[in-house]
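**Q** Dropping in protein-v8.cif, with mmCIF, C-alpha atoms.
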```
data_protein
loop_
_atom_site.label_atom_id
_atom_site.label_comp_id
_atom_site.auth_asym_id
_atom_site.auth_seq_id
_atom_site.Cartn_x
_atom_site.Cartn_y
_atom_site.Cartn_z
CA MET A 1 -23.25 67.07 22.20
CA GLY A 2 -22.12 66.78 25.79
CA TYR A 3 -22.84 63.13 26.60
CA ASP A 4 -20.61 60.92 28.73
CA GLU A 5 -20.71 58.01 26.27
CA LEU A 6 -21.92 57.56 22.72
CA LEU A 7 -24.14 54.85 21.23
CA PRO A 8 -22.94 54.98 17.60
CA LEU A 9 -25.32 52.36 16.22
CA ASN A 10 -28.39 54.22 17.52
CA GLN A 11 -26.78 57.63 17.01
CA LYS A 12 -27.55 58.60 20.60
CA GLY A 13 -25.66 59.41 23.77
CA VAL A 14 -26.00 58.52 27.45
CA ASP A 15 -24.84 60.16 30.67
CA GLY A 16 -23.39 57.21 32.53
CA LEU A 17 -21.00 59.41 34.55
CA GLY A 18 -23.50 61.90 35.92
CA GLY A 19 -23.66 64.19 32.92
CA LEU A 20 -20.09 65.50 33.04
CA GLY A 21 -19.74 65.74 29.28
CA ALA A 22 -16.92 63.19 29.34
CA ILE A 23 -16.86 62.86 25.54
CA VAL A 24 -16.31 66.62 25.18
CA VAL A 25 -13.82 66.95 28.03
CA ASP A 26 -11.74 63.91 27.09
CA ALA A 27 -11.64 64.79 23.40
CA LEU A 28 -10.73 68.45 23.98
CA ASP A 29 -6.97 68.12 24.30
CA THR A 30 -6.89 65.54 21.50
CA ALA A 31 -8.43 68.22 19.29
CA MET A 32 -5.84 70.69 20.58
CA VAL A 33 -2.97 68.32 19.74
CA MET A 34 -4.43 67.84 16.27
CA ARG A 35 -4.90 71.61 15.87
CA LEU A 36 -8.62 71.29 15.18
CA ASP A 37 -9.33 74.89 16.18
CA GLU A 38 -13.06 74.90 15.44
CA VAL A 39 -13.61 71.76 17.51
CA VAL A 40 -11.55 73.23 20.36
CA SER A 41 -13.58 76.43 20.34
CA GLU A 42 -16.92 74.60 20.30
CA ALA A 43 -15.88 72.19 23.07
CA GLY A 44 -14.47 75.00 25.23
CA SER A 45 -17.67 77.00 24.90
CA TRP A 46 -19.76 73.99 25.89
CA ILE A 47 -17.64 73.41 29.01
CA GLU A 48 -18.00 77.07 30.04
CA ARG A 49 -21.77 76.92 29.63
CA HIS A 50 -22.42 73.59 31.31
CA LEU A 51 -19.63 72.66 33.73
CA LEU A 52 -18.11 75.78 35.33
CA GLU A 53 -20.78 76.08 38.02
CA ARG A 54 -20.43 72.42 38.98
CA ILE A 55 -16.63 72.68 39.05
CA ASN A 56 -16.76 75.58 41.51
CA GLN A 57 -19.08 73.81 43.96
CA LYS A 58 -17.49 72.53 47.15
CA GLY A 59 -17.55 68.76 47.59
CA HIS A 60 -17.02 66.35 50.47
CA SER A 61 -13.79 66.55 52.42
CA ASN A 62 -12.08 63.31 53.34
CA ALA A 63 -8.43 62.34 53.75
CA ILE A 64 -8.87 59.30 51.49
CA PRO A 65 -11.15 60.12 48.51
CA PHE A 66 -14.47 58.34 48.26
CA SER A 67 -14.66 55.71 45.53
CA ASP A 68 -18.14 56.61 44.28
CA VAL A 69 -20.03 59.90 44.48
CA VAL A 70 -23.63 60.51 43.35
CA LEU A 71 -23.32 63.79 41.49
CA SER A 72 -27.05 64.53 41.40
CA ASP A 73 -27.39 64.85 45.19
CA ARG A 74 -23.70 65.03 46.22
CA SER A 75 -23.92 61.88 48.36
CA THR A 76 -21.55 58.90 48.42
CA LEU A 77 -22.19 55.23 47.73
CA SER A 78 -21.36 52.64 50.34
CA THR A 79 -18.33 50.60 49.34
CA GLY A 80 -17.63 48.94 52.67
CA GLY A 81 -15.42 51.80 53.81
CA LEU A 82 -12.84 51.04 51.10
CA SER A 83 -11.47 52.92 48.10
CA SER A 84 -9.49 51.45 45.22
CA THR A 85 -5.76 52.11 45.50
CA SER A 86 -5.49 52.82 41.78
CA GLU A 87 -8.24 55.44 42.01
CA VAL A 88 -7.02 57.40 45.03
CA SER A 89 -3.39 57.47 43.90
CA THR A 90 -3.95 58.59 40.31
CA LEU A 91 -4.93 62.26 40.75
CA GLN A 92 -1.81 63.70 42.36
CA LEU A 93 -0.31 64.89 39.07
CA GLU A 94 -3.44 66.82 38.15
CA PHE A 95 -3.89 68.34 41.61
CA ASN A 96 -0.23 69.35 41.83
CA TYR A 97 -0.43 70.99 38.42
CA LEU A 98 -3.64 72.80 39.38
CA SER A 99 -1.84 74.28 42.38
CA PHE A 100 1.05 75.25 40.12
CA LEU A 101 -1.28 77.12 37.76
CA THR A 102 -3.29 78.88 40.48
CA GLY A 103 -0.56 79.44 43.05
CA ASP A 104 -2.83 77.93 45.72
CA PRO A 105 -1.21 74.92 47.46
CA LYS A 106 -4.50 73.50 48.76
CA CYS A 107 -5.15 70.99 45.97
CA SER A 108 -1.55 69.78 46.01
CA LEU A 109 -1.39 69.34 49.77
CA GLU A 110 -4.70 67.46 49.95
CA SER A 111 -3.81 65.04 47.18
CA MET A 112 -0.36 64.28 48.58
CA LYS A 113 -1.83 63.15 51.91
CA VAL A 114 -2.92 59.99 50.12
CA LEU A 115 0.62 59.15 48.99
CA GLU A 116 1.98 59.83 52.46
CA HIS A 117 -0.56 57.33 53.77
CA ILE A 118 0.36 54.74 51.13
CA LYS A 119 4.02 55.20 52.00
CA ASN A 120 3.31 54.11 55.56
CA LEU A 121 1.05 51.14 54.77
CA PRO A 122 2.24 47.56 55.41
CA LYS A 123 3.57 46.04 52.20
CA ALA A 124 4.05 42.53 50.85
CA GLU A 125 6.96 42.19 48.40
CA GLY A 126 6.84 45.97 47.99
CA LEU A 127 3.13 46.04 47.10
CA VAL A 128 0.31 47.68 49.03
CA PRO A 129 -3.25 46.23 49.12
CA ILE A 130 -5.62 46.86 46.20
CA TYR A 131 -7.91 48.75 48.60
CA ILE A 132 -7.36 51.52 51.11
CA SER A 133 -9.60 52.11 54.11
CA LEU A 134 -11.35 55.48 54.25
CA ARG A 135 -10.58 55.39 57.97
CA ARG A 136 -6.86 55.06 57.19
CA GLU A 137 -6.73 51.57 58.63
CA PRO A 138 -4.51 48.89 57.02
CA VAL A 139 -6.32 46.55 54.62
CA ASN A 140 -4.21 43.44 54.26
CA THR A 141 -6.63 40.96 52.73
CA VAL A 142 -9.73 41.23 50.56
CA SER A 143 -12.15 38.38 49.97
CA GLN A 144 -12.82 37.05 46.49
CA LYS A 145 -16.39 38.35 46.76
CA GLN A 146 -15.16 41.86 47.40
CA ARG A 147 -12.85 41.66 44.42
CA THR A 148 -15.43 40.64 41.86
CA GLU A 149 -18.71 42.26 42.95
CA GLY A 150 -19.95 45.75 43.57
CA PRO A 151 -19.70 49.05 41.70
CA GLU A 152 -15.91 48.92 41.36
CA SER A 153 -15.67 45.38 39.97
CA GLN A 154 -14.07 46.49 36.69
CA ASP A 155 -11.49 48.62 38.50
CA ASN A 156 -10.82 45.71 40.85
CA LYS A 157 -10.11 43.43 37.88
CA GLU A 158 -7.72 46.06 36.48
CA ASN A 159 -5.99 46.40 39.84
CA GLU A 160 -5.50 42.67 40.22
CA THR A 161 -4.20 42.32 36.67
CA GLY A 162 -1.79 45.18 37.26
CA TYR A 163 -0.55 43.56 40.43
CA LEU A 164 0.05 40.31 38.57
CA ILE A 165 2.26 41.93 35.95
CA VAL A 166 4.21 43.84 38.60
CA ARG A 167 4.65 40.62 40.55
CA THR A 168 5.91 38.90 37.40
CA ILE A 169 8.58 41.56 36.97
CA TYR A 170 9.50 40.91 40.59
CA LEU A 171 9.76 37.20 39.79
CA ILE A 172 11.92 37.90 36.74
CA ASN A 173 14.32 40.05 38.72
CA ARG A 174 14.47 37.61 41.61
CA THR A 175 14.98 34.60 39.35
CA VAL A 176 17.59 36.18 37.10
CA ASN A 177 19.51 37.68 39.99
CA GLY A 178 19.28 34.50 42.01
CA HIS A 179 20.12 31.98 39.31
CA GLY A 180 21.85 34.06 36.66
CA GLY A 181 19.98 33.08 33.54
CA GLN A 182 17.18 34.16 31.23
CA GLN A 183 16.01 30.55 31.02
CA SER A 184 15.14 30.67 34.70
CA ALA A 185 13.17 33.86 34.11
CA ASN A 186 11.10 32.09 31.46
CA VAL A 187 10.29 29.37 33.97
CA ALA A 188 9.15 32.01 36.44
CA LEU A 189 6.70 33.31 33.83
CA ASN A 190 5.18 29.90 33.08
CA GLY A 191 1.46 29.80 33.77
CA GLU A 192 1.15 33.44 34.84
CA HIS A 193 -1.95 35.47 33.91
CA LEU A 194 -0.57 38.71 32.49
CA GLY A 195 -2.94 39.61 29.74
CA GLY A 196 -5.11 42.56 30.84
CA GLU A 197 -5.09 45.35 28.25
CA THR A 198 -5.27 47.90 31.06
CA VAL A 199 -1.72 47.08 32.21
CA CYS A 200 -0.12 47.43 28.78
CA PHE A 201 0.80 51.01 29.67
CA LEU A 202 3.63 49.50 31.72
CA PRO A 203 6.15 49.05 28.85
CA GLY A 204 5.92 52.76 28.12
CA THR A 205 6.35 53.62 31.79
CA LEU A 206 9.46 51.44 32.07
CA ALA A 207 10.95 53.01 28.95
CA LEU A 208 10.29 56.53 30.22
CA ASP A 209 11.89 55.70 33.54
CA ALA A 210 14.95 54.28 31.79
CA THR A 211 15.73 57.27 29.53
CA LYS A 212 13.74 60.05 31.25
CA GLY A 213 12.02 60.71 27.93
CA ILE A 214 15.07 61.37 25.75
CA THR A 215 15.90 59.06 22.87
CA LYS A 216 17.87 55.91 23.50
CA ALA A 217 20.48 57.01 20.95
CA LYS A 218 21.13 60.28 22.78
CA ALA A 219 21.12 58.60 26.19
CA VAL A 220 23.69 56.03 25.04
CA LYS A 221 25.83 58.65 23.33
CA ASP A 222 25.93 60.79 26.49
CA SER A 223 26.49 57.72 28.74
CA LEU A 224 23.32 58.44 30.71
CA LEU A 225 22.02 54.87 31.04
CA THR A 226 22.94 52.55 33.87
CA VAL A 227 22.91 48.78 33.59
CA GLU A 228 19.53 48.77 35.31
CA ASP A 229 18.20 51.35 32.84
CA LEU A 230 19.25 49.17 29.91
CA GLU A 231 17.65 46.11 31.51
CA ASN A 232 14.40 47.99 32.09
CA LEU A 233 14.38 49.27 28.52
CA LYS A 234 14.88 45.72 27.23
CA LEU A 235 12.08 44.54 29.52
CA ALA A 236 9.83 47.33 28.17
CA GLU A 237 10.46 46.19 24.58
CA ASP A 238 9.76 42.56 25.49
CA LEU A 239 6.55 43.45 27.30
CA VAL A 240 5.19 45.66 24.52
CA ARG A 241 5.85 42.82 22.08
CA THR A 242 3.75 40.59 24.31
CA CYS A 243 0.99 43.21 24.44
CA PHE A 244 0.98 43.48 20.65
CA GLU A 245 0.87 39.71 20.12
CA ARG A 246 -2.44 39.70 22.02
CA TYR A 247 -3.73 41.61 18.98
CA SER A 248 -1.98 39.57 16.30
CA VAL A 249 -3.34 36.19 17.45
CA THR A 250 -7.00 37.13 16.99
CA SER A 251 -9.11 36.87 13.86
CA THR A 252 -9.87 40.60 13.93
CA GLY A 253 -6.37 41.81 14.82
CA LEU A 254 -7.78 43.43 17.98
CA ALA A 255 -6.92 42.36 21.51
CA PRO A 256 -9.30 40.80 24.02
CA GLU A 257 -9.83 42.44 27.37
CA ILE A 258 -7.86 39.67 29.12
CA ALA A 259 -5.68 36.79 27.92
CA TYR A 260 -3.78 33.94 29.54
CA PHE A 261 -0.36 32.65 28.57
CA ASN A 262 1.08 29.14 28.44
CA GLY A 263 -2.30 27.57 29.08
CA ASN A 264 -3.36 24.01 28.29
CA GLU A 265 -6.98 24.70 27.36
CA GLY A 266 -7.77 23.68 23.80
CA GLY A 267 -10.20 25.58 21.60
CA LEU A 268 -9.61 28.91 23.32
CA ASP A 269 -7.14 30.48 20.91
CA GLY A 270 -7.63 33.83 19.16
CA GLY A 271 -8.51 32.40 15.77
CA ASN A 272 -5.60 33.66 13.66
CA LYS A 273 -3.96 30.40 12.64
CA HIS A 274 -1.23 32.31 10.77
CA SER A 275 0.20 33.64 14.04
CA LYS A 276 3.03 31.58 15.46
CA TYR A 277 1.79 32.50 18.95
CA VAL A 278 -1.82 31.41 18.42
CA ASN A 279 -1.39 28.36 20.67
CA ASP A 280 0.48 30.28 23.37
CA ILE A 281 -2.20 32.85 24.14
CA ILE A 282 -5.48 31.61 25.58
CA ILE A 283 -8.61 33.77 25.44
CA LYS A 284 -11.50 32.66 27.61
CA VAL A 285 -15.06 33.21 26.36
CA ALA A 286 -15.90 35.82 29.02
CA ASP A 287 -12.85 37.93 28.13
CA ARG A 288 -13.10 38.20 24.35
CA GLN A 289 -14.51 41.74 24.15
CA ASN A 290 -12.55 44.75 22.92
CA LEU A 291 -13.47 48.11 24.46
CA LEU A 292 -11.24 50.29 22.21
CA ARG A 293 -8.71 50.71 25.02
CA PRO A 294 -5.54 52.81 24.59
CA GLU A 295 -2.86 51.14 26.70
CA THR A 296 -0.99 49.15 24.05
CA VAL A 297 -0.89 52.01 21.54
CA GLU A 298 0.26 54.29 24.36
CA SER A 299 3.30 52.09 24.89
CA LEU A 300 3.89 51.79 21.15
CA PHE A 301 3.98 55.59 20.93
CA VAL A 302 6.47 55.89 23.80
CA LEU A 303 8.72 53.07 22.55
CA TYR A 304 8.76 54.54 19.05
CA ARG A 305 9.72 57.97 20.37
CA ILE A 306 12.49 56.55 22.54
CA THR A 307 13.97 53.86 20.26
CA GLY A 308 13.02 55.11 16.80
CA ASP A 309 12.32 51.51 15.78
CA PRO A 310 9.81 51.60 12.86
CA LYS A 311 8.24 48.28 13.94
CA TYR A 312 6.26 50.15 16.59
CA ARG A 313 4.66 52.30 13.91
CA LYS A 314 3.98 49.17 11.85
CA TRP A 315 2.25 47.47 14.79
CA GLY A 316 0.28 50.62 15.58
CA TRP A 317 -0.87 50.88 11.96
CA GLU A 318 -2.09 47.29 12.01
CA ILE A 319 -4.13 48.04 15.15
CA PHE A 320 -5.54 51.24 13.65
CA MET A 321 -6.58 49.47 10.44
CA ALA A 322 -8.29 46.75 12.48
CA PHE A 323 -10.28 49.46 14.30
CA GLU A 324 -11.18 50.95 10.93
CA LYS A 325 -12.27 47.60 9.50
CA TYR A 326 -14.24 46.14 12.37
CA ALA A 327 -15.12 48.88 14.89
CA LYS A 328 -15.94 51.89 12.72
CA VAL A 329 -19.58 52.83 12.17
CA ASP A 330 -20.43 54.38 8.80
CA SER A 331 -22.78 56.96 10.32
CA GLY A 332 -20.09 58.10 12.76
CA GLY A 333 -18.12 56.79 15.72
CA TYR A 334 -16.60 53.45 16.65
CA CYS A 335 -18.08 50.57 18.63
CA SER A 336 -16.68 48.13 21.14
CA LEU A 337 -16.70 44.50 19.99
CA ASP A 338 -18.22 41.49 21.74
CA ASP A 339 -15.79 38.84 20.47
CA VAL A 340 -12.48 39.57 18.74
CA THR A 341 -12.02 35.92 17.78
CA MET A 342 -15.08 35.82 15.49
CA LEU A 343 -15.55 37.12 11.93
CA PRO A 344 -17.39 39.30 11.48
CA PRO A 345 -17.40 40.48 15.12
CA GLN A 346 -20.63 41.61 16.74
CA LYS A 347 -20.57 45.35 17.48
CA ARG A 348 -21.49 46.52 20.96
CA ASP A 349 -23.34 49.85 20.83
CA LYS A 350 -20.97 51.81 23.03
CA MET A 351 -18.04 54.17 22.54
CA GLU A 352 -16.43 55.39 25.74
CA ALA A 353 -14.74 58.77 26.05
CA PHE A 354 -11.25 57.32 26.39
CA PHE A 355 -11.27 56.22 22.73
CA LEU A 356 -11.23 59.87 21.65
CA GLY A 357 -9.22 61.18 24.58
CA GLU A 358 -6.53 58.50 24.63
CA THR A 359 -6.56 55.81 21.93
CA LEU A 360 -6.84 58.10 18.93
CA LYS A 361 -4.52 60.67 20.48
CA TYR A 362 -1.70 58.17 20.96
CA LEU A 363 -2.22 56.80 17.46
CA TYR A 364 -2.04 60.34 16.03
CA LEU A 365 1.15 61.08 17.97
CA LEU A 366 2.63 57.72 16.92
CA PHE A 367 2.20 58.50 13.22
CA GLY A 368 2.82 62.26 13.31
CA ASP A 369 6.03 63.55 11.74
CA ARG A 370 6.39 66.49 14.09
CA ASN A 371 7.12 66.28 17.80
CA PRO A 372 4.59 68.56 19.55
CA ILE A 373 4.97 66.93 22.96
CA PRO A 374 8.63 66.05 23.74
CA LEU A 375 8.71 63.31 26.35
CA ASP A 376 11.61 64.87 28.26
CA LYS A 377 9.61 68.06 28.83
CA PHE A 378 6.06 66.78 29.24
CA VAL A 379 4.47 64.02 31.28
CA PHE A 380 1.20 62.26 30.42
CA ASN A 381 -1.27 61.47 33.16
CA THR A 382 -3.32 58.28 33.27
CA GLU A 383 -6.00 59.85 31.05
CA SER A 384 -3.48 60.93 28.37
CA SER A 385 -3.47 64.65 29.18
CA SER A 386 0.00 66.16 28.92
CA PHE A 387 1.57 68.46 31.51
CA SER A 388 4.62 70.62 31.00
CA TYR A 389 7.27 69.74 33.56
CA ASN A 390 9.75 72.54 34.14
CA LYS A 391 12.01 73.85 36.88
CA HIS A 392 9.34 76.26 38.13
CA TYR A 393 6.89 73.39 38.61
CA LYS A 394 9.53 71.35 40.44
CA LYS A 395 10.34 74.25 42.77
CA MET A 396 6.63 74.67 43.52
CA ILE A 397 6.30 71.01 44.52
CA GLN A 398 9.36 71.21 46.73
CA ARG A 399 8.05 74.38 48.38
CA PHE A 400 4.62 72.89 49.11
CA HIS A 401 5.88 69.61 50.55
CA CYS A 402 8.27 68.82 53.34
CA THR A 403 11.55 67.02 52.67
CA GLY A 404 11.05 63.28 52.27
CA SER A 405 7.56 63.43 50.81
CA ILE A 406 6.66 61.23 47.88
CA PHE A 407 6.19 63.23 44.70
CA ALA A 408 3.62 62.27 42.10
CA ILE A 409 6.11 62.93 39.32
#
```
Could you render the structure as structure tokens?

**A**
Amino acid sequence: MGYDELLPLNQKGVDGLGGLGAIVVDALDTAMVMRLDEVVSEAGSWIERHLLERINQKGHSNAIPFSDVVLSDRSTLSTGGLSSTSEVSTLQLEFNYLSFLTGDPKCSLESMKVLEHIKNLPKAEGLVPIYISLRREPVNTVSQKQRTEGPESQDNKENETGYLIVRTIYLINRTVNGHGGQQSANVALNGEHLGGETVCFLPGTLALDATKGITKAKAVKDSLLTVEDLENLKLAEDLVRTCFERYSVTSTGLAPEIAYFNGNEGGLDGGNKHSKYVNDIIIKVADRQNLLRPETVESLFVLYRITGDPKYRKWGWEIFMAFEKYAKVDSGGYCSLDDVTMLPPQKRDKMEAFFLGETLKYLYLLFGDRNPIPLDKFVFNTESSSFSYNKHYKKMIQRFHCTGSIFAI
């Protein structure tokens, strides 16, 4: 118990994150949501015994957080003086909430300095660079070598994929508004690379922004949705359909890490010849792995809660059963897969903490009959932990930050 990652095939664990007990920490609130009291008690006791002293130690102080820290000797790794934008701008919710719980504004104020800096950075089509300088200097261009090598290469790939899908939305809006037709929007999408699993959280985010977490039926009844809200909700439903079809076109029913649309490369389909989209989604050999990621099921959960459409549960069940059939290990745990287009797929002896902390949690919430976490009263962070958002929290944020600041929520 207490490893960062599990090796289900060998029934062992490894500490790839510095021995932070990521499996225990990530799975803790999933166990709480599922009301597994014995698991919660055991995990909480382990955290008290092994992590409290490390949590209380003072770390490095820097306006822009370091990308990589060596926990064993509290040093930092050289990353060319750059930190990933997605990394440094993803902790504000947690730090604000920590200040709310403790009454100490320090964590909130420090984390919000990053967003103030991002607000003032030069932008292209509304987007900031995928890196931020630790010296607070503008970073306008990054070489291809910097994007694909080094310790953050996976995060860089996620950042670039995320930027591509955001840019596509920009193209849709510009094309539709400029030429007044959905056909033009389809042309704008032609040939775009949109298929990273890590950006399939976006449909859920768009839906939440449209209705503020209440159901579509209630929002329509109370005349709360603007034309833009309705457009964004429709876009969210279209995008989550696209994310799901990345699963349906493969032989295993599980999505690859990355896919390409409208390609002309033969022999690179997902293998499910019964799917009508099998020739529209191209999966390159290097991208055929499945890492048990949560983003698509996250959006399915949100869209089901907001629209009530049972198809989202149906799609989620198909994904869950595919995990059960191809990723589950009889002795315990689930494995990543090397190639989702092959039957049977080769298992990769690795289960990362996010499968317990995010993927299974969203699937449980998708299928659950009760509503333990109402989306108009709670907000999920990027790691699927839920935070209660109430008027007292909002007043705290307003008190800690000057007028005009960017809020994390």

**Q** Fewer than 4 positions away in the same chain doesn't count, so skip those; otherwise give me all residues within 9 Å of Thr359 of chain A, counting all atoms listed in the file, as a list of chain:residue names.

**A**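 Residues meeting the cut-off are A:Leu292, A:Arg293, A:Pro294, A:Glu295, A:Thr296, A:Val297, A:Glu298, A:Phe354, A:Phe355, A:Leu363, A:Tyr364, A:Ser384.
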
**Q** Please identify all polymer residues within 7 Å of segment 338-346 of chain A, counting all atoms listed in the file, omitting same-chain residues fewer than 6 positions from it, and present them as a VMD selection string.

**A** chain A and resid 250 to 252 254 to 256 270 to 271 288 to 290

**Q** At a cut-off of 10 Å, can you tabulate as CSV every residue of segment 320-393 of chain A near segment 202-219 of chain A together with its closest atom pair and the distance in Å to one decimal, using all atoms listed in the file and ordering rows by chain then number?

**A**
```
residue,atom,partner,partner_atom,distance
A:Pro374,CA,A:Gly213,CA,7.6
A:Leu375,CA,A:Gly213,CA,4.5
A:Asp376,CA,A:Gly213,CA,4.2
A:Lys377,CA,A:Gly213,CA,7.8
A:Phe378,CA,A:Gly213,CA,8.6
A:Val379,CA,A:Gly213,CA,8.9
```

**Q** May I have the selected residues written with C-alpha atoms, as a compact mmCIF listing (two decimals), in the coordinates of the input?

**A**
```
# COMPACT_ATOMS: atom_id res chain seq x y z
CA PRO A 374 8.63 66.05 23.74
CA LEU A 375 8.71 63.31 26.35
CA ASP A 376 11.61 64.87 28.26
CA LYS A 377 9.61 68.06 28.83
CA PHE A 378 6.06 66.78 29.24
CA VAL A 379 4.47 64.02 31.28
```

**Q** Just so the selection is clear, what residues does the PyMOL selection byres ((chain A and resi 118) around 12) cover here, as a PyMOL selection string?

**A** chain A and resi 63-64+84-86+88-89+111-117+119-123+126-133+136-139+405-406

**Q** Please measure the separation of atom CA of Glu110 of chain A and atom CA of Phe387 of chain A, giving the value in Å to one decimal.

**A** 19.5 Å

**Q** Assuming the chain letters and numbering stay as they are in my file, what does the PyMOL selection byres ((chain A and resi 39-42) around 12) actually select? List them as JSON, numbers by chain.

**A** {"A": [1, 2, 24, 25, 26, 27, 28, 29, 30, 31, 32, 33, 34, 35, 36, 37, 38, 43, 44, 45, 46, 47, 48, 49]}

**Q** Any chance you could resolve the PyMOL selection byres ((chain A and resi 287) around 8) against this file and give the residues as a list in words?

**A** Pro256, Glu257, Ile258, Ala259, Ile283, Lys284, Val285, Ala286, Arg288 and Gln289 of chain A
